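Participant: Here it is, the structure in full.
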Amino acid sequence: MTAPGEAARRKPARRPTIKDIARRAGVSESAVSFALNDRPGVSQDTRARVRRVAEELGWQANSAARALSGERAGALGLVLARPAQTLGVESFFLQLVSGIQEVLSARRIALLFQVVEDLDTECALYRRWWAERRVDGVLVVDPRTEDPRPELLAALGLPAVVVGGPATPGPDLSEPAAEAADPAHPPLSTVWADDTKAMARVLDHLYGLGHRRIVHIAGLPGLAHTARRIRSLRTEADRRGLDHRQVHSVTTDYSDAEGAEATRCLLDAERPPTAIVYDNDVMAVAGASVAAGRGIPVPGALSIVAWDDSALCRVTHPRLTALVRDTPGFGRLAAQELLTVLDGGPPRTVQGELPHLEARESTGPPSPR
């Protein structure tokens with residue numbers, strides 16, 4: 001009978017080694033090394049037998065030893081510098097990571113994911129990963145309007161793909177990027193979505209319904225895509241001759257709490273908006289709840305649009321009009337682009353799928369007042 005606490009004191013099972021594989025396969029340790037590292041010097045039959053035994057024993061290459069020998073680490077990095085409390089309620093990153101993981105799993109590559117407090121901590125982490133050879137490359141998310149990360153990664157020589165694009169994206173985009181002014185720091189590959197055209201689609205829909213007081217409850221200030229959406233809203237308002245006091249943006253941290261508070265402030269205004277565009281599904285649902293609590297009918301007195309569609313938008317009553325895009329597909333595109341860079345491909349700027357607006361019950365003509 002096992003004494004209390006004995007199980008906790010047991011030593012972990014010993015990991016199989018090359019020596020174990022060699023003994024079971026009946027070959028030398030050098031033959032095992034050649035077979036597992038795809039080097040010449042062993043027959044195909046021996047290579048197949050060694051790999052079969054390695055799989056039976058559950059052997060995996062030691063990433064630290066591989067890094068010291070100059071081989072790839074077999075892992076890619078993803079760092080997220082956002083308030084931790086906002087991650088549990090937003091589905092976008094879960095879908096993005098699922099797409100990334102789908103591509104990496106097919107190549108048996110691990111994803112090293114870490115959440116940090118700010119950009120300084122993120123940059124320090126990149127330096128440590130590079131020094132320790134923990135990852136072969138990184139996916140950089142949430143690009144900023146003023147962003148130190150691309151220059152740092154280029155200087156380190158750590159392969160990277162920026163997911164979301166620069167503040168002002170270049171032309172589209174399957175062509176190699178133009179050469180950098182400093183040949184020692186080549187440009188990074190970029191995968192981006194056209195937030196400018198997506199916002200234009202939202203404004204087309206709301207303006208066509210008759211709305212003239214439209215507010216955009218945006219996400220974090222300083223993010224490149226937030227800047228693009230705010231700028232596009234202003235451009236579309238100017239094009240239609242709308243007053244910037246009636247068509248404007250306010251920034252939040254993406255949380256349901258700040259989305260609800262921003263909605264309350266807007267509805268308390270002397271001339272409240274007749275339509276609100278939210279930068280994610282969670283804030284849109286929170287805003288709809290605030291309206292319901294005040295007896296404001298949606299869409300009778302207030303139309304609501306969510307930037308990214310999700311199950312929340314489809315099960316809320318009324319169902320929320322939303323921008324629909326293939327977020328896992330965007331993750332797959334980013335991961336594939338980083339693998340292309342690691343395989344020697346040139347830096348590129350690649351555009352993802354343009355979202356389409358799916359009109360549901362939460363948008364309609366404004367009530368006359």
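Naming works like this for the structure tokens: A, B, ... for the chains as they're shown, residue 1 at the start of each chain, ligands 1 onward in shown order.
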Each residue of segment 75-170 of chain A lying at most 9 Å from segment 314-331 of chain A should get a row with its shortest atom-to-atom pair and the distance in Å to one decimal, counting only C-alpha atoms; could you produce that, ordered by chain and increasing number, as a tab-separated table?
Facilitator:
```
residue	atom	partner	partner_atom	distance
A:Phe92	CA	A:Thr327	CA	7.0
A:Phe93	CA	A:Thr327	CA	8.6
A:Leu94	CA	A:Pro328	CA	8.6
A:Gln95	CA	A:Pro328	CA	5.1
A:Leu96	CA	A:Gly331	CA	4.6
A:Val97	CA	A:Gly331	CA	6.3
A:Ser98	CA	A:Pro328	CA	6.0
A:Gly99	CA	A:Pro328	CA	4.0
A:Ile100	CA	A:Gly331	CA	4.6
A:Gln101	CA	A:Gly331	CA	8.2
A:Glu102	CA	A:Gly331	CA	8.8
A:Val103	CA	A:Gly331	CA	8.7
A:Val163	CA	A:Gly331	CA	8.5
```
Participant: Tell me which protein, DNA and RNA residues are within 9 Å of Thr226 of chain A, counting only C-alpha atoms, leaving out same-chain ones fewer than 5 positions away, and put them as a ChimeraX atom specification.
Facilitator: /A:167,195,218-221,231,251,279
Participant: Pick the closest to Ile109 of chain A from A:Ala200, A:Ala359, A:Leu76, A:Val341: which is it, counting only C-alpha atoms?
Facilitator: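 With only C-alpha atoms as the atom set, the closest residue is A:Leu76.
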Participant: Which residues come within 12 Å of Arg144 of chain A, counting only C-alpha atoms, excluding same-chain residues fewer than 6 positions away, as a ChimeraX atom specification?
Facilitator: /A:81,118-119,150,162-168,220-228
Participant: If I take atom CA of Val135 of chain A and atom CA of Ala73 of chain A, how far is one from the other in Å, to one decimal?
Facilitator: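 The value is 5.5 Å.
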Participant: DSSP on the backbone: which residues in segment 260-317 of chain A end up as helix (DSSP H, G or I)? Give the answer as a list in words.
Facilitator: Ala260, Glu261, Ala262, Thr263, Arg264, Cys265, Leu266, Leu267, Asp281, Val282, Met283, Ala284, Val285, Ala286, Gly287, Ala288, Ser289, Val290, Ala291, Ala292, Gly293, Ala311, Leu312, Cys313, Arg314 and Val315 of chain A
Participant: Show me, as a PDB file with all heavy atoms, in the first residue's frame, the residues that have an atom within 10 Å of Gln246 of chain A when counting only C-alpha atoms, minus same-chain residues fewer than 5 positions from it.
Facilitator:
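Result written to out02.pdb:
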```
ATOM      1  N   ARG A 212     -27.346  59.165 -39.125  1.00  0.00           N
ATOM      2  CA  ARG A 212     -26.444  60.307 -39.260  1.00  0.00           C
ATOM      3  C   ARG A 212     -25.681  60.574 -37.965  1.00  0.00           C
ATOM      4  O   ARG A 212     -24.781  61.394 -37.953  1.00  0.00           O
ATOM      5  CB  ARG A 212     -27.228  61.578 -39.668  1.00  0.00           C
ATOM      6  CG  ARG A 212     -28.023  61.418 -40.982  1.00  0.00           C
ATOM      7  CD  ARG A 212     -27.091  61.175 -42.160  1.00  0.00           C
ATOM      8  NE  ARG A 212     -27.837  61.081 -43.420  1.00  0.00           N
ATOM      9  CZ  ARG A 212     -28.234  59.939 -43.978  1.00  0.00           C
ATOM     10  NH1 ARG A 212     -27.975  58.775 -43.361  1.00  0.00           N
ATOM     11  NH2 ARG A 212     -28.884  59.939 -45.119  1.00  0.00           N
ATOM     12  N   ARG A 213     -26.062  59.915 -36.881  1.00  0.00           N
ATOM     13  CA  ARG A 213     -25.345  60.013 -35.604  1.00  0.00           C
ATOM     14  C   ARG A 213     -24.811  58.614 -35.280  1.00  0.00           C
ATOM     15  O   ARG A 213     -25.544  57.762 -34.767  1.00  0.00           O
ATOM     16  CB  ARG A 213     -26.258  60.545 -34.495  1.00  0.00           C
ATOM     17  CG  ARG A 213     -26.821  61.933 -34.792  1.00  0.00           C
ATOM     18  CD  ARG A 213     -27.316  62.644 -33.525  1.00  0.00           C
ATOM     19  NE  ARG A 213     -28.324  61.899 -32.793  1.00  0.00           N
ATOM     20  CZ  ARG A 213     -29.632  61.921 -33.066  1.00  0.00           C
ATOM     21  NH1 ARG A 213     -30.088  62.655 -34.085  1.00  0.00           N
ATOM     22  NH2 ARG A 213     -30.484  61.241 -32.323  1.00  0.00           N
ATOM     23  N   ILE A 214     -23.551  58.409 -35.621  1.00  0.00           N
ATOM     24  CA  ILE A 214     -22.930  57.081 -35.549  1.00  0.00           C
ATOM     25  C   ILE A 214     -21.649  57.182 -34.722  1.00  0.00           C
ATOM     26  O   ILE A 214     -20.782  58.003 -35.020  1.00  0.00           O
ATOM     27  CB  ILE A 214     -22.586  56.551 -36.958  1.00  0.00           C
ATOM     28  CG1 ILE A 214     -23.842  56.540 -37.857  1.00  0.00           C
ATOM     29  CG2 ILE A 214     -21.954  55.164 -36.874  1.00  0.00           C
ATOM     30  CD1 ILE A 214     -23.532  56.336 -39.329  1.00  0.00           C
ATOM     31  N   VAL A 215     -21.532  56.364 -33.696  1.00  0.00           N
ATOM     32  CA  VAL A 215     -20.332  56.375 -32.864  1.00  0.00           C
ATOM     33  C   VAL A 215     -19.665  55.007 -32.920  1.00  0.00           C
ATOM     34  O   VAL A 215     -20.332  53.965 -32.896  1.00  0.00           O
ATOM     35  CB  VAL A 215     -20.656  56.759 -31.406  1.00  0.00           C
ATOM     36  CG1 VAL A 215     -19.408  56.665 -30.540  1.00  0.00           C
ATOM     37  CG2 VAL A 215     -21.218  58.179 -31.348  1.00  0.00           C
ATOM     38  N   ALA A 237     -17.151  59.820 -42.992  1.00  0.00           N
ATOM     39  CA  ALA A 237     -18.020  60.909 -42.537  1.00  0.00           C
ATOM     40  C   ALA A 237     -17.819  62.142 -43.400  1.00  0.00           C
ATOM     41  O   ALA A 237     -18.798  62.801 -43.804  1.00  0.00           O
ATOM     42  CB  ALA A 237     -17.725  61.225 -41.069  1.00  0.00           C
ATOM     43  N   ARG A 271     -27.821  64.517 -27.448  1.00  0.00           N
ATOM     44  CA  ARG A 271     -28.242  63.906 -28.716  1.00  0.00           C
ATOM     45  C   ARG A 271     -27.489  62.580 -28.883  1.00  0.00           C
ATOM     46  O   ARG A 271     -26.412  62.527 -29.480  1.00  0.00           O
ATOM     47  CB  ARG A 271     -27.955  64.839 -29.899  1.00  0.00           C
ATOM     48  CG  ARG A 271     -28.924  66.036 -29.944  1.00  0.00           C
ATOM     49  CD  ARG A 271     -28.569  66.993 -31.065  1.00  0.00           C
ATOM     50  NE  ARG A 271     -28.614  66.380 -32.394  1.00  0.00           N
ATOM     51  CZ  ARG A 271     -29.727  66.166 -33.078  1.00  0.00           C
ATOM     52  NH1 ARG A 271     -30.908  66.470 -32.544  1.00  0.00           N
ATOM     53  NH2 ARG A 271     -29.688  65.643 -34.275  1.00  0.00           N
ATOM     54  N   PRO A 272     -28.027  61.503 -28.326  1.00  0.00           N
ATOM     55  CA  PRO A 272     -27.323  60.219 -28.353  1.00  0.00           C
ATOM     56  C   PRO A 272     -27.254  59.672 -29.775  1.00  0.00           C
ATOM     57  O   PRO A 272     -28.052  60.038 -30.644  1.00  0.00           O
ATOM     58  CB  PRO A 272     -28.186  59.322 -27.452  1.00  0.00           C
ATOM     59  CG  PRO A 272     -29.546  59.934 -27.506  1.00  0.00           C
ATOM     60  CD  PRO A 272     -29.327  61.406 -27.632  1.00  0.00           C
ATOM     61  N   PRO A 273     -26.321  58.798 -30.032  1.00  0.00           N
ATOM     62  CA  PRO A 273     -26.218  58.207 -31.367  1.00  0.00           C
ATOM     63  C   PRO A 273     -27.418  57.326 -31.668  1.00  0.00           C
ATOM     64  O   PRO A 273     -28.043  56.769 -30.759  1.00  0.00           O
ATOM     65  CB  PRO A 273     -24.935  57.378 -31.284  1.00  0.00           C
ATOM     66  CG  PRO A 273     -24.769  57.067 -29.830  1.00  0.00           C
ATOM     67  CD  PRO A 273     -25.298  58.274 -29.101  1.00  0.00           C
ATOM     68  N   THR A 274     -27.704  57.198 -32.938  1.00  0.00           N
ATOM     69  CA  THR A 274     -28.750  56.261 -33.365  1.00  0.00           C
ATOM     70  C   THR A 274     -28.148  54.922 -33.766  1.00  0.00           C
ATOM     71  O   THR A 274     -28.882  53.953 -33.968  1.00  0.00           O
ATOM     72  CB  THR A 274     -29.549  56.834 -34.549  1.00  0.00           C
ATOM     73  OG1 THR A 274     -28.661  57.031 -35.667  1.00  0.00           O
ATOM     74  CG2 THR A 274     -30.212  58.159 -34.172  1.00  0.00           C
TER      75      THR A 274
END
```
Participant: Work out how far apart atom CA of Ala286 of chain A and atom CA of Gly300 of chain A are and give it in Å to one decimal.
Facilitator: 17.7 Å
Participant: Gly364 of chain A: which residues within 10 Å, counting only C-alpha atoms, same-chain residues fewer than 2 positions away excluded, as a PyMOL selection string?
Facilitator: chain A and resi 205-206+208-211+274-275+298-304+321+359-362+366-367
